[in-house]
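Have a look at work16.pdb below; it lists PDB, C-alpha atoms.
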MODEL        1
ATOM      1  CA  MET N  10       5.989  27.884   4.737
ATOM      2  CA  THR N  11       5.891  26.903   1.065
ATOM      3  CA  VAL N  12       5.022  23.221   0.671
ATOM      4  CA  PRO N  13       3.662  21.565  -2.508
ATOM      5  CA  GLY N  14       0.092  20.376  -2.031
ATOM      6  CA  ILE N  15      -0.504  22.421   1.150
ATOM      7  CA  ASP N  16      -2.020  25.857   1.757
ATOM      8  CA  PRO N  17      -0.406  26.626   5.151
ATOM      9  CA  PRO N  18      -2.573  29.618   6.208
ATOM     10  CA  ARG N  19      -5.800  27.725   5.528
ATOM     11  CA  LEU N  20      -4.456  24.594   7.232
ATOM     12  CA  VAL N  21      -3.524  26.628  10.315
ATOM     13  CA  GLU N  22      -7.007  28.175  10.383
ATOM     14  CA  TRP N  23      -8.728  24.786   9.971
ATOM     15  CA  MET N  24      -6.639  23.142  12.683
ATOM     16  CA  GLY N  25      -7.383  26.011  15.049
ATOM     17  CA  ARG N  26     -11.095  25.275  14.660
ATOM     18  CA  ASN N  27     -10.981  21.470  14.483
ATOM     19  CA  VAL N  28      -7.867  20.328  16.382
ATOM     20  CA  PRO N  29      -7.329  23.106  18.929
ATOM     21  CA  ASP N  30      -5.423  20.883  21.353
ATOM     22  CA  ALA N  31      -2.693  20.303  18.735
ATOM     23  CA  GLY N  32      -1.610  23.933  18.871
ATOM     24  CA  GLU N  33      -0.712  26.141  15.932
ATOM     25  CA  PRO N  34       1.540  24.361  13.388
ATOM     26  CA  GLN N  35       5.081  25.714  13.401
ATOM     27  CA  SER N  36       6.222  23.776  10.337
ATOM     28  CA  VAL N  37       4.895  21.472   7.622
ATOM     29  CA  SER N  38       7.290  19.289   5.637
ATOM     30  CA  LEU N  39       6.858  16.612   2.992
ATOM     31  CA  ILE N  40       7.784  13.158   4.303
ATOM     32  CA  SER N  41       7.051  11.178   1.156
ATOM     33  CA  GLY N  42       5.171  11.572  -2.085
ATOM     34  CA  GLY N  43       4.956  10.837  -5.775
ATOM     35  CA  ARG N  44       4.039   7.180  -6.013
ATOM     36  CA  SER N  45       0.832   7.494  -4.030
ATOM     37  CA  ASN N  46      -0.807   9.778  -1.493
ATOM     38  CA  LEU N  47       1.344  12.591  -0.146
ATOM     39  CA  THR N  48       2.431  12.450   3.497
ATOM     40  CA  TYR N  49       3.496  15.466   5.548
ATOM     41  CA  LEU N  50       4.857  16.028   9.043
ATOM     42  CA  VAL N  51       2.948  18.792  10.845
ATOM     43  CA  GLU N  52       4.824  20.039  13.915
ATOM     44  CA  SER N  53       3.564  22.328  16.654
ATOM     45  CA  ARG N  54       4.824  23.069  20.147
ATOM     46  CA  GLU N  55       2.341  20.584  21.637
ATOM     47  CA  ARG N  56       2.705  17.558  19.367
ATOM     48  CA  ARG N  57       3.656  16.080  16.006
ATOM     49  CA  LEU N  58       0.978  14.989  13.560
ATOM     50  CA  VAL N  59       1.002  13.442  10.102
ATOM     51  CA  LEU N  60      -1.193  14.744   7.267
ATOM     52  CA  ARG N  61      -2.249  12.613   4.300
ATOM     53  CA  ARG N  62      -3.703  13.965   1.041
ATOM     54  CA  PRO N  63      -4.058  12.660  -2.554
ATOM     55  CA  PRO N  64      -1.260  13.114  -5.113
ATOM     56  CA  LEU N  65      -1.080  16.175  -7.341
ATOM     57  CA  GLY N  66      -2.800  15.633 -10.690
ATOM     58  CA  HIS N  67      -3.927  12.555 -12.657
ATOM     59  CA  VAL N  68      -5.950  11.179  -9.751
ATOM     60  CA  LEU N  69      -7.818   8.061 -10.876
ATOM     61  CA  PRO N  70     -11.374   7.604  -9.591
ATOM     62  CA  THR N  71     -11.497   5.935  -6.118
ATOM     63  CA  ALA N  72      -7.724   5.342  -6.113
ATOM     64  CA  HIS N  73      -6.890   7.956  -3.462
ATOM     65  CA  ASP N  74      -9.955   8.069  -1.209
ATOM     66  CA  MET N  75      -8.991   9.892   1.991
ATOM     67  CA  ARG N  76     -12.302   9.238   3.736
ATOM     68  CA  ARG N  77     -11.891   5.509   3.156
ATOM     69  CA  GLU N  78      -8.381   5.483   4.603
ATOM     70  CA  TRP N  79      -9.535   7.554   7.585
ATOM     71  CA  ARG N  80     -12.464   5.258   8.252
ATOM     72  CA  VAL N  81     -10.408   2.074   8.348
ATOM     73  CA  ILE N  82      -7.687   3.352  10.702
ATOM     74  CA  SER N  83     -10.430   4.684  12.990
ATOM     75  CA  ALA N  84     -12.097   1.245  13.008
ATOM     76  CA  LEU N  85      -8.832  -0.618  13.612
ATOM     77  CA  ALA N  86      -7.530   1.631  16.406
ATOM     78  CA  PRO N  87      -8.975  -0.593  19.208
ATOM     79  CA  THR N  88      -7.985  -3.912  17.540
ATOM     80  CA  PRO N  89      -4.690  -5.881  17.660
ATOM     81  CA  VAL N  90      -3.769  -4.437  14.235
ATOM     82  CA  PRO N  91      -1.233  -1.646  14.853
ATOM     83  CA  VAL N  92      -2.323   1.644  13.217
ATOM     84  CA  PRO N  93      -1.600   5.343  13.880
ATOM     85  CA  GLU N  94      -3.952   7.277  16.144
ATOM     86  CA  PRO N  95      -6.780   8.847  14.084
ATOM     87  CA  VAL N  96      -6.981  12.584  14.904
ATOM     88  CA  ALA N  97      -9.216  14.501  12.452
ATOM     89  CA  PHE N  98     -10.649  14.324   8.920
ATOM     90  CA  CYS N  99     -11.341  17.180   6.493
ATOM     91  CA  GLY N 100     -13.534  16.648   3.442
ATOM     92  CA  ASP N 101     -13.564  20.341   2.469
ATOM     93  CA  GLU N 102     -11.331  20.666  -0.608
ATOM     94  CA  ASP N 103     -11.152  24.437  -0.154
ATOM     95  CA  VAL N 104      -8.772  24.061   2.784
ATOM     96  CA  ILE N 105      -5.717  22.648   0.976
ATOM     97  CA  GLY N 106      -7.179  21.711  -2.425
ATOM     98  CA  ALA N 107      -8.125  18.111  -1.591
ATOM     99  CA  PRO N 108      -9.604  16.019   1.230
ATOM    100  CA  PHE N 109      -7.075  15.110   3.926
ATOM    101  CA  TYR N 110      -6.780  13.680   7.398
ATOM    102  CA  LEU N 111      -4.490  13.993  10.386
ATOM    103  CA  MET N 112      -3.131  11.089  12.391
ATOM    104  CA  GLY N 113      -0.761  10.773  15.304
ATOM    105  CA  TYR N 114       2.948  10.644  14.564
ATOM    106  CA  VAL N 115       4.409   7.154  15.014
ATOM    107  CA  ASP N 116       8.047   6.883  16.048
ATOM    108  CA  GLY N 117       8.985   4.336  13.424
ATOM    109  CA  ALA N 118      10.665   4.103  10.037
ATOM    110  CA  ALA N 119       9.225   3.183   6.644
ATOM    111  CA  VAL N 120      12.059   0.994   5.436
ATOM    112  CA  ARG N 121      12.602   0.428   1.690
ATOM    113  CA  THR N 122      16.335  -0.265   1.436
ATOM    114  CA  ARG N 123      18.949  -2.291   3.251
ATOM    115  CA  GLU N 124      20.752   0.950   4.028
ATOM    116  CA  GLN N 125      17.665   2.228   5.874
ATOM    117  CA  LEU N 126      17.321  -1.087   7.692
ATOM    118  CA  GLY N 127      20.865  -0.936   8.995
ATOM    119  CA  ASP N 128      22.632  -4.161   9.869
ATOM    120  CA  PRO N 129      20.458  -6.032  12.368
ATOM    121  CA  PRO N 130      21.413  -9.529  13.527
ATOM    122  CA  PRO N 131      19.950 -12.165  11.165
ATOM    123  CA  GLU N 132      17.626 -13.430  13.893
ATOM    124  CA  GLN N 133      16.095  -9.951  14.230
ATOM    125  CA  ALA N 134      15.657  -9.678  10.452
ATOM    126  CA  ARG N 135      13.941 -13.047  10.400
ATOM    127  CA  ARG N 136      11.685 -12.012  13.258
ATOM    128  CA  LEU N 137      10.703  -8.874  11.331
ATOM    129  CA  SER N 138       9.690 -10.958   8.321
ATOM    130  CA  GLU N 139       7.721 -13.289  10.581
ATOM    131  CA  ARG N 140       6.036 -10.315  12.221
ATOM    132  CA  LEU N 141       5.075  -8.947   8.803
ATOM    133  CA  ALA N 142       3.211 -12.200   8.082
ATOM    134  CA  GLU N 143       1.615 -12.208  11.524
ATOM    135  CA  VAL N 144       0.297  -8.644  11.178
ATOM    136  CA  LEU N 145      -1.148  -9.515   7.768
ATOM    137  CA  ALA N 146      -2.906 -12.495   9.348
ATOM    138  CA  ALA N 147      -4.183 -10.192  12.127
ATOM    139  CA  ILE N 148      -5.699  -7.835   9.526
ATOM    140  CA  HIS N 149      -7.506 -10.770   7.936
ATOM    141  CA  ALA N 150      -8.692 -12.018  11.341
ATOM    142  CA  VAL N 151     -10.488  -8.759  12.241
ATOM    143  CA  ASP N 152     -14.251  -9.159  12.641
ATOM    144  CA  TYR N 153     -15.028  -6.340  10.234
ATOM    145  CA  ARG N 154     -18.706  -6.246  11.169
ATOM    146  CA  GLU N 155     -17.904  -5.879  14.854
ATOM    147  CA  VAL N 156     -15.619  -2.866  14.230
ATOM    148  CA  GLY N 157     -18.215  -1.115  12.071
ATOM    149  CA  LEU N 158     -16.939  -2.017   8.603
ATOM    150  CA  GLY N 159     -19.810  -4.270   7.555
ATOM    151  CA  ASP N 160     -20.593  -1.978   4.619
ATOM    152  CA  PHE N 161     -16.954  -1.257   3.728
ATOM    153  CA  GLY N 162     -17.081  -3.439   0.608
ATOM    154  CA  ARG N 163     -18.692  -6.428  -1.092
ATOM    155  CA  PRO N 164     -16.640  -9.600  -0.561
ATOM    156  CA  GLU N 165     -18.726 -11.561  -3.080
ATOM    157  CA  GLY N 166     -17.238 -11.342  -6.574
ATOM    158  CA  TYR N 167     -14.213  -9.444  -5.259
ATOM    159  CA  MET N 168     -11.565 -10.884  -7.585
ATOM    160  CA  ALA N 169     -13.721 -10.463 -10.712
ATOM    161  CA  ARG N 170     -14.413  -6.838  -9.761
ATOM    162  CA  GLN N 171     -10.741  -6.257  -9.023
ATOM    163  CA  LEU N 172      -9.831  -7.520 -12.475
ATOM    164  CA  ASP N 173     -12.389  -5.217 -14.076
ATOM    165  CA  ARG N 174     -11.325  -2.273 -11.935
ATOM    166  CA  TRP N 175      -7.620  -2.556 -12.730
ATOM    167  CA  CYS N 176      -8.373  -3.060 -16.409
ATOM    168  CA  GLN N 177     -10.278   0.232 -16.310
ATOM    169  CA  GLN N 178      -7.372   1.909 -14.523
ATOM    170  CA  TRP N 179      -5.051   0.638 -17.244
ATOM    171  CA  GLU N 180      -7.211   2.133 -19.971
ATOM    172  CA  ARG N 181      -7.185   5.501 -18.216
ATOM    173  CA  SER N 182      -3.423   5.503 -17.627
ATOM    174  CA  LYS N 183      -1.754   3.503 -20.376
ATOM    175  CA  THR N 184       0.965   5.163 -22.384
ATOM    176  CA  ALA N 185       1.253   2.375 -24.987
ATOM    177  CA  ASP N 186      -0.568  -0.768 -26.165
ATOM    178  CA  LEU N 187       1.000  -4.033 -24.957
ATOM    179  CA  PRO N 188      -0.321  -7.288 -26.514
ATOM    180  CA  GLU N 189       1.077  -9.325 -23.595
ATOM    181  CA  TYR N 190      -1.065  -7.261 -21.244
ATOM    182  CA  ASP N 191      -4.204  -8.184 -23.197
ATOM    183  CA  ARG N 192      -3.235 -11.861 -23.179
ATOM    184  CA  LEU N 193      -2.596 -11.700 -19.425
ATOM    185  CA  VAL N 194      -6.047 -10.259 -18.759
ATOM    186  CA  ASP N 195      -7.623 -13.135 -20.735
ATOM    187  CA  ARG N 196      -5.640 -15.710 -18.755
ATOM    188  CA  LEU N 197      -6.508 -14.154 -15.394
ATOM    189  CA  ARG N 198     -10.187 -14.014 -16.282
ATOM    190  CA  ALA N 199     -10.131 -17.704 -17.219
ATOM    191  CA  ARG N 200      -8.417 -18.630 -13.919
ATOM    192  CA  LEU N 201     -10.515 -16.640 -11.448
ATOM    193  CA  PRO N 202     -10.670 -18.694  -8.236
ATOM    194  CA  ALA N 203     -13.751 -19.882  -6.408
ATOM    195  CA  GLU N 204     -15.312 -17.430  -3.954
ATOM    196  CA  ALA N 205     -13.452 -17.124  -0.649
ATOM    197  CA  ALA N 206     -14.820 -15.984   2.705
ATOM    198  CA  GLY N 207     -14.309 -12.229   2.768
ATOM    199  CA  THR N 208     -12.081 -10.367   5.203
ATOM    200  CA  LEU N 209     -10.721  -6.872   5.546
ATOM    201  CA  VAL N 210      -7.907  -6.526   2.997
ATOM    202  CA  HIS N 211      -5.235  -3.826   3.010
ATOM    203  CA  GLY N 212      -4.843  -3.744  -0.769
ATOM    204  CA  ASP N 213      -1.159  -2.701  -0.823
ATOM    205  CA  TYR N 214       0.493  -4.640   2.005
ATOM    206  CA  ARG N 215       4.278  -4.601   1.986
ATOM    207  CA  LEU N 216       7.148  -3.875   4.351
ATOM    208  CA  ASP N 217       7.464  -0.173   3.474
ATOM    209  CA  ASN N 218       3.763   0.345   4.203
ATOM    210  CA  THR N 219       4.559  -0.379   7.832
ATOM    211  CA  LEU N 220       6.467   1.708  10.360
ATOM    212  CA  ILE N 221       9.247  -0.219  12.095
ATOM    213  CA  ARG N 222      10.964   0.447  15.404
ATOM    214  CA  LEU N 223      14.525  -0.234  14.289
ATOM    215  CA  GLY N 224      15.859  -1.014  17.760
ATOM    216  CA  ASP N 225      13.986  -4.307  18.030
ATOM    217  CA  MET N 226      12.563  -4.579  14.478
ATOM    218  CA  ASP N 227       8.961  -4.484  15.705
ATOM    219  CA  ILE N 228       6.122  -3.201  13.515
ATOM    220  CA  ARG N 229       4.651  -0.104  15.201
ATOM    221  CA  ALA N 230       1.914   0.653  12.641
ATOM    222  CA  VAL N 231       0.463  -0.347   9.291
ATOM    223  CA  VAL N 232      -0.144   2.684   7.051
ATOM    224  CA  ASP N 233      -1.327   3.544   3.511
ATOM    225  CA  TRP N 234      -4.836   2.070   3.718
ATOM    226  CA  GLU N 235      -6.100   3.876   0.602
ATOM    227  CA  MET N 236      -6.858   0.627  -1.276
ATOM    228  CA  SER N 237      -8.425  -1.243   1.631
ATOM    229  CA  THR N 238     -11.816  -2.940   1.308
ATOM    230  CA  LEU N 239     -13.533  -6.256   2.034
ATOM    231  CA  GLY N 240     -12.416  -9.099  -0.196
ATOM    232  CA  ASP N 241     -10.235 -12.152  -0.696
ATOM    233  CA  PRO N 242      -7.360 -12.192   1.828
ATOM    234  CA  LEU N 243      -5.074 -14.124  -0.525
ATOM    235  CA  ALA N 244      -5.057 -11.098  -2.835
ATOM    236  CA  ASP N 245      -3.115  -9.306  -0.071
ATOM    237  CA  LEU N 246      -0.687 -12.198   0.283
ATOM    238  CA  GLY N 247      -0.182 -12.416  -3.489
ATOM    239  CA  LEU N 248       0.644  -8.725  -3.732
ATOM    240  CA  THR N 249       3.027  -8.875  -0.763
ATOM    241  CA  LEU N 250       4.891 -11.685  -2.517
ATOM    242  CA  THR N 251       4.910  -9.657  -5.734
ATOM    243  CA  TYR N 252       6.854  -6.978  -3.870
ATOM    244  CA  TRP N 253       9.143  -9.547  -2.232
ATOM    245  CA  HIS N 254      12.710  -9.621  -3.562
ATOM    246  CA  ASP N 255      14.346 -13.009  -3.089
ATOM    247  CA  ARG N 256      18.109 -13.215  -3.016
ATOM    248  CA  GLY N 257      19.461 -14.003  -6.485
ATOM    249  CA  ASP N 258      16.399 -12.707  -8.387
ATOM    250  CA  GLU N 259      18.173 -10.190 -10.617
ATOM    251  CA  GLU N 260      15.071  -9.489 -12.705
ATOM    252  CA  ARG N 261      13.193  -8.449  -9.570
ATOM    253  CA  ALA N 262      16.104  -6.194  -8.658
ATOM    254  CA  GLY N 263      15.356  -4.174 -11.806
ATOM    255  CA  ILE N 264      11.793  -3.325 -10.710
ATOM    256  CA  PRO N 265      12.078  -0.057  -8.725
ATOM    257  CA  VAL N 266       9.335  -0.647  -6.154
ATOM    258  CA  ALA N 267       9.466  -1.829  -2.538
ATOM    259  CA  GLY N 268      13.261  -1.779  -2.294
ATOM    260  CA  ASP N 269      15.719  -4.534  -1.412
ATOM    261  CA  VAL N 270      15.216  -5.039   2.327
ATOM    262  CA  THR N 271      14.079  -8.647   1.963
ATOM    263  CA  VAL N 272      17.472  -9.747   0.602
ATOM    264  CA  ALA N 273      19.114  -8.847   3.929
ATOM    265  CA  PRO N 274      20.650 -11.762   5.877
ATOM    266  CA  GLY N 275      18.036 -13.485   7.999
ATOM    267  CA  PHE N 276      14.942 -12.461   6.043
ATOM    268  CA  MET N 277      12.685 -15.302   5.007
ATOM    269  CA  ASN N 278      12.357 -15.853   1.292
ATOM    270  CA  ALA N 279       8.961 -15.582  -0.399
ATOM    271  CA  ALA N 280       8.119 -19.266   0.030
ATOM    272  CA  GLU N 281       9.002 -19.201   3.733
ATOM    273  CA  PHE N 282       6.926 -16.064   4.221
ATOM    274  CA  ALA N 283       3.917 -17.730   2.590
ATOM    275  CA  ARG N 284       4.319 -20.805   4.796
ATOM    276  CA  HIS N 285       4.515 -18.680   7.951
ATOM    277  CA  TYR N 286       1.383 -16.781   6.939
ATOM    278  CA  THR N 287      -0.382 -20.130   6.455
ATOM    279  CA  LYS N 288       0.811 -21.325   9.863
ATOM    280  CA  VAL N 289      -0.513 -18.291  11.749
ATOM    281  CA  SER N 290      -3.683 -17.766   9.687
ATOM    282  CA  GLY N 291      -4.700 -21.366   8.959
ATOM    283  CA  ARG N 292      -5.593 -20.455   5.365
ATOM    284  CA  ASP N 293      -5.310 -22.725   2.335
ATOM    285  CA  ILE N 294      -2.817 -21.249  -0.174
ATOM    286  CA  SER N 295      -2.881 -24.047  -2.756
ATOM    287  CA  ASP N 296      -3.872 -21.571  -5.515
ATOM    288  CA  LEU N 297      -1.305 -18.971  -4.477
ATOM    289  CA  GLY N 298       0.231 -18.839  -7.977
ATOM    290  CA  PHE N 299      -2.894 -17.144  -9.338
ATOM    291  CA  TYR N 300      -2.797 -14.500  -6.620
ATOM    292  CA  VAL N 301       0.888 -13.735  -7.192
ATOM    293  CA  ALA N 302       0.185 -13.454 -10.928
ATOM    294  CA  PHE N 303      -2.670 -11.094 -10.138
ATOM    295  CA  GLY N 304      -0.348  -9.119  -7.846
ATOM    296  CA  ASN N 305       2.110  -8.635 -10.710
ATOM    297  CA  PHE N 306      -0.753  -7.549 -12.984
ATOM    298  CA  LYS N 307      -2.040  -5.052 -10.406
ATOM    299  CA  LEU N 308       1.431  -3.667  -9.761
ATOM    300  CA  ALA N 309       1.980  -3.277 -13.507
ATOM    301  CA  VAL N 310      -1.157  -1.107 -13.703
ATOM    302  CA  ILE N 311      -0.085   0.933 -10.671
ATOM    303  CA  VAL N 312       3.383   1.497 -12.111
ATOM    304  CA  GLU N 313       1.886   2.523 -15.454
ATOM    305  CA  GLY N 314      -0.186   5.126 -13.593
ATOM    306  CA  ILE N 315       2.937   6.462 -11.872
ATOM    307  CA  HIS N 316       4.691   6.540 -15.256
ATOM    308  CA  ALA N 317       1.767   8.478 -16.773
ATOM    309  CA  ARG N 318       1.874  11.070 -13.977
ATOM    310  CA  PHE N 319       5.640  11.420 -14.404
ATOM    311  CA  ARG N 320       5.272  12.081 -18.120
ATOM    312  CA  GLN N 321       2.757  14.816 -17.314
ATOM    313  CA  GLY N 322       5.168  16.421 -14.855
ATOM    314  CA  LYS N 323       2.773  15.861 -11.970
ATOM    315  CA  THR N 324       4.837  13.545  -9.768
ATOM    316  CA  VAL N 325       6.488  14.898  -6.614
ATOM    317  CA  GLY N 326       9.828  13.228  -5.893
ATOM    318  CA  GLU N 327      12.748  11.644  -7.716
ATOM    319  CA  GLY N 328      13.569   8.318  -9.321
ATOM    320  CA  PHE N 329      10.623   8.012 -11.714
ATOM    321  CA  ASP N 330      12.356   8.543 -15.066
ATOM    322  CA  HIS N 331      12.824   4.813 -15.791
ATOM    323  CA  ILE N 332       9.881   3.360 -13.891
ATOM    324  CA  GLY N 333       7.866   2.670 -17.071
ATOM    325  CA  SER N 334      10.297  -0.080 -18.107
ATOM    326  CA  ALA N 335       9.098  -2.190 -15.153
ATOM    327  CA  VAL N 336       5.631  -2.614 -16.661
ATOM    328  CA  PRO N 337       6.434  -5.275 -19.323
ATOM    329  CA  THR N 338       8.675  -7.070 -16.811
ATOM    330  CA  LEU N 339       5.830  -7.354 -14.313
ATOM    331  CA  ILE N 340       3.483  -8.606 -17.021
ATOM    332  CA  SER N 341       6.034 -11.247 -18.025
ATOM    333  CA  ARG N 342       6.420 -12.376 -14.401
ATOM    334  CA  ALA N 343       2.651 -12.727 -14.109
ATOM    335  CA  HIS N 344       2.558 -14.985 -17.171
ATOM    336  CA  ARG N 345       5.291 -17.170 -15.687
ATOM    337  CA  MET N 346       3.336 -17.596 -12.448
ATOM    338  CA  LEU N 347       0.290 -18.755 -14.456
ATOM    339  CA  ASP N 348       2.500 -21.149 -16.426
ATOM    340  CA  GLN N 349       3.453 -23.011 -13.240
ATOM    341  CA  PRO N 350       1.428 -26.169 -12.525
TER
ENDMDL
END
Output the structure of this file as structure tokens.
Amino acid sequence: MTVPGIDPPRLVEWMGRNVPDAGEPQSVSLISGGRSNLTYLVESRERRLVLRRPPLGHVLPTAHDMRREWRVISALAPTPVPVPEPVAFCGDEDVIGAPFYLMGYVDGAAVRTREQLGDPPPEQARRLSERLAEVLAAIHAVDYREVGLGDFGRPEGYMARQLDRWCQQWERSKTADLPEYDRLVDRLRARLPAEAAGTLVHGDYRLDNTLIRLGDMDIRAVVDWEMSTLGDPLADLGLTLTYWHDRGDEERAGIPVAGDVTVAPGFMNAAEFARHYTKVSGRDISDLGFYVAFGNFKLAVIVEGIHARFRQGKTVGEGFDHIGSAVPTLISRAHRMLDQP
């Protein structure tokens, strides 16, 4: 087996010592990679597992923390939030060159495009969008202290720290100076909302960070917990709506992240999604414009990091050659959200 980011002989040896019931891996294949952590399917005669490790090269501090992701799925396993089965964690970088963890394989699809979604009846598509809001509300309803995540983050001052953190990420990754970025940071800092009661937040919640059973459009698991912490739940909602592509939004169609699933017949639009989240969570979203603006800012920084890795030749996968052009568009969209009364 020759797989980028994996040392198969060492992985086989480690699994033999730490996950003996899984059996010796017969194959390891890359499922997805490039934008974020790398995900592999590990198959043996006994079962199928999924391995997660950080991306290759240009890893920003704290951005790809495997132990953090492992800890949260382990805590959520007994809760109503659907997550994959946690199997084993490895913090020894000598095994494959980075920390990693194994989780149970979930028979579901990470859907980014309408082609992957298929052609479900509109009522099923609408139910999927409703379910996406309901699972987000379930994440925010978890008693994080009860599940052992009381020290998982500091909810107080979350949004101010997030702004500082993503500004630092920008400085480490930026490939060019953008005056509109600087002006956006000033506006966000001036509009920071009042402190909200903290909850568990996913940090990158969107449709393609869930695994969907396509037969009935149910969400089988929420994945990609690398940015999770304790903080303001509306930051999750704002980022989800940043990813959302409403029908007729041609500018959004030019931003190559999160796909076009939400334009399928039956899907709620962004405003309907926000209202359904409010209905099932009971949360006040009167300042949602700030959070969507912040979501666009955060996504701009993330995309700039992907663009930087691509320019260094350290991104696994295809479709990254034009991703840098999305950065000024996202910054412009954030300004427009702040311009709204």
So what does the PyMOL selection byres ((chain N and resi 141) around 10) actually pick up in this one, as JSON, numbers by chain?
{"N": [135, 136, 137, 138, 139, 140, 142, 143, 144, 145, 146, 147, 214, 215, 216, 219, 227, 228, 231, 249, 282, 285, 286]}
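Among the candidates N:Arg342, N:Glu55, N:Trp179, N:Ala84, the residue lying nearest to Asp258 of chain N is N:Arg342 (atoms considered: all atoms listed in the file).
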Give me the residues near Arg345 of chain N as a list in words, where near means some atom within 12 Å (using only C-alpha atoms) and where sequence neighbours in that chain fewer than 3 positions away do not count.
Glu189, Leu193, Arg196, Gly298, Phe299, Val301, Ala302, Phe303, Asn305, Phe306, Thr338, Leu339, Ile340, Ser341, Arg342, Asp348, Gln349 and Pro350 of chain N
Can you list, as a tab-separated table (two decimals) with C-alpha atoms, in the frame of the given file, the residues that the PyMOL selection byres ((chain N and resi 168) around 10) selects here?
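What landed in out_29.tsv:
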chain	number	residue	atom	x	y	z
N	164	PRO	CA	-16.64	-9.60	-0.56
N	165	GLU	CA	-18.73	-11.56	-3.08
N	166	GLY	CA	-17.24	-11.34	-6.57
N	167	TYR	CA	-14.21	-9.44	-5.26
N	169	ALA	CA	-13.72	-10.46	-10.71
N	170	ARG	CA	-14.41	-6.84	-9.76
N	171	GLN	CA	-10.74	-6.26	-9.02
N	172	LEU	CA	-9.83	-7.52	-12.48
N	173	ASP	CA	-12.39	-5.22	-14.08
N	174	ARG	CA	-11.32	-2.27	-11.94
N	197	LEU	CA	-6.51	-14.15	-15.39
N	198	ARG	CA	-10.19	-14.01	-16.28
N	201	LEU	CA	-10.52	-16.64	-11.45
N	202	PRO	CA	-10.67	-18.69	-8.24
N	203	ALA	CA	-13.75	-19.88	-6.41
N	204	GLU	CA	-15.31	-17.43	-3.95
N	205	ALA	CA	-13.45	-17.12	-0.65
N	240	GLY	CA	-12.42	-9.10	-0.20
N	241	ASP	CA	-10.24	-12.15	-0.70
N	244	ALA	CA	-5.06	-11.10	-2.84
N	300	TYR	CA	-2.80	-14.50	-6.62
N	303	PHE	CA	-2.67	-11.09	-10.14
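Our summary of the geometry notes that atom CA of Asp152 of chain N is positioned 17.7 Å from atom CA of Glu78 of chain N.
For the residues N:Val21, N:Val81, N:Ala119, N:Ile294, ranking by smallest atom-to-atom distance to Val51 of chain N using only C-alpha atoms places N:Val21 first.
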(10.0, -14.2, -1.2) in this file's frame - what residues fall within 6 Å of it? Use only C-alpha atoms and give the answer as a list in words.
Leu250, Trp253, His254, Asp255, Asn278, Ala279 and Ala280 of chain N
Of N:Gly333, N:Gly32, N:Gly314, N:Gly322, the one nearest to Arg181 of chain N when counting all atoms listed in the file is N:Gly314
Suppose a student applies the PyMOL selection byres ((chain N and resi 161) around 7) to this structure; what residues should they get, written as a count of residues only?
6
If I wrap all listed atoms of segment 255-272 of chain N in a box with edges along x, y and z and add 4 Å on each side, what are its centre and edge lengths in Å to one decimal, as JSON?
{"center_x": 14.4, "center_y": -7.0, "center_z": -5.2, "size_x": 18.1, "size_y": 21.9, "size_z": 23.0}
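Among the candidates N:Gly113, N:Pro91, N:Pro131, N:Pro242, the residue lying nearest to Ile221 of chain N is N:Pro91 (atoms considered: only C-alpha atoms).
Atom to atom, atom CA of Arg61 of chain N and atom CA of Asp269 of chain N stand 25.5 Å apart.
If only C-alpha atoms are the atoms counted, then among N:Asp116, N:Asp16, N:Glu124, N:Glu102 the closest residue to Thr271 of chain N is N:Glu124.
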If you count only C-alpha atoms, which residues fall within 12 Å of Ser36 of chain N, apart from same-chain ones fewer than 5 positions away, as a short mmCIF file (atom, residue, chain, number, x, y, z; two decimals) with C-alpha atoms, keeping the file's coordinate frame?
data_model
loop_
_atom_site.label_atom_id
_atom_site.label_comp_id
_atom_site.auth_asym_id
_atom_site.auth_seq_id
_atom_site.Cartn_x
_atom_site.Cartn_y
_atom_site.Cartn_z
CA MET N 10 5.99 27.88 4.74
CA THR N 11 5.89 26.90 1.06
CA VAL N 12 5.02 23.22 0.67
CA ILE N 15 -0.50 22.42 1.15
CA PRO N 17 -0.41 26.63 5.15
CA PRO N 18 -2.57 29.62 6.21
CA LEU N 20 -4.46 24.59 7.23
CA VAL N 21 -3.52 26.63 10.32
CA TYR N 49 3.50 15.47 5.55
CA LEU N 50 4.86 16.03 9.04
CA VAL N 51 2.95 18.79 10.84
CA GLU N 52 4.82 20.04 13.92
CA SER N 53 3.56 22.33 16.65
CA ARG N 54 4.82 23.07 20.15
CA ARG N 56 2.70 17.56 19.37
CA ARG N 57 3.66 16.08 16.01
CA LEU N 58 0.98 14.99 13.56
CA VAL N 59 1.00 13.44 10.10
#
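Here atom CA of Phe319 of chain N and atom CA of Leu248 of chain N stand 23.3 Å from one another.
Of the residues listed (N:Ile40, N:Ala230, N:Val151, N:Ala107), N:Ala107 shows the shortest atom-to-atom separation from Asp74 of chain N; distances use only C-alpha atoms.
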Which residues come within 9 Å of Pro93 of chain N, counting only C-alpha atoms, excluding same-chain residues fewer than 5 positions away, as a PyMOL selection string?
chain N and resi 82-83+86+112-115+229-232
Write the residues of the selection above to a file with C-alpha atoms, as an mmCIF file, in the frame of the given file.
data_model
loop_
_atom_site.group_PDB
_atom_site.id
_atom_site.type_symbol
_atom_site.label_atom_id
_atom_site.label_comp_id
_atom_site.auth_asym_id
_atom_site.auth_seq_id
_atom_site.Cartn_x
_atom_site.Cartn_y
_atom_site.Cartn_z
ATOM 1 C CA ILE N 82 -7.687 3.352 10.702
ATOM 2 C CA SER N 83 -10.430 4.684 12.990
ATOM 3 C CA ALA N 86 -7.530 1.631 16.406
ATOM 4 C CA MET N 112 -3.131 11.089 12.391
ATOM 5 C CA GLY N 113 -0.761 10.773 15.304
ATOM 6 C CA TYR N 114 2.948 10.644 14.564
ATOM 7 C CA VAL N 115 4.409 7.154 15.014
ATOM 8 C CA ARG N 229 4.651 -0.104 15.201
ATOM 9 C CA ALA N 230 1.914 0.653 12.641
ATOM 10 C CA VAL N 231 0.463 -0.347 9.291
ATOM 11 C CA VAL N 232 -0.144 2.684 7.051
#
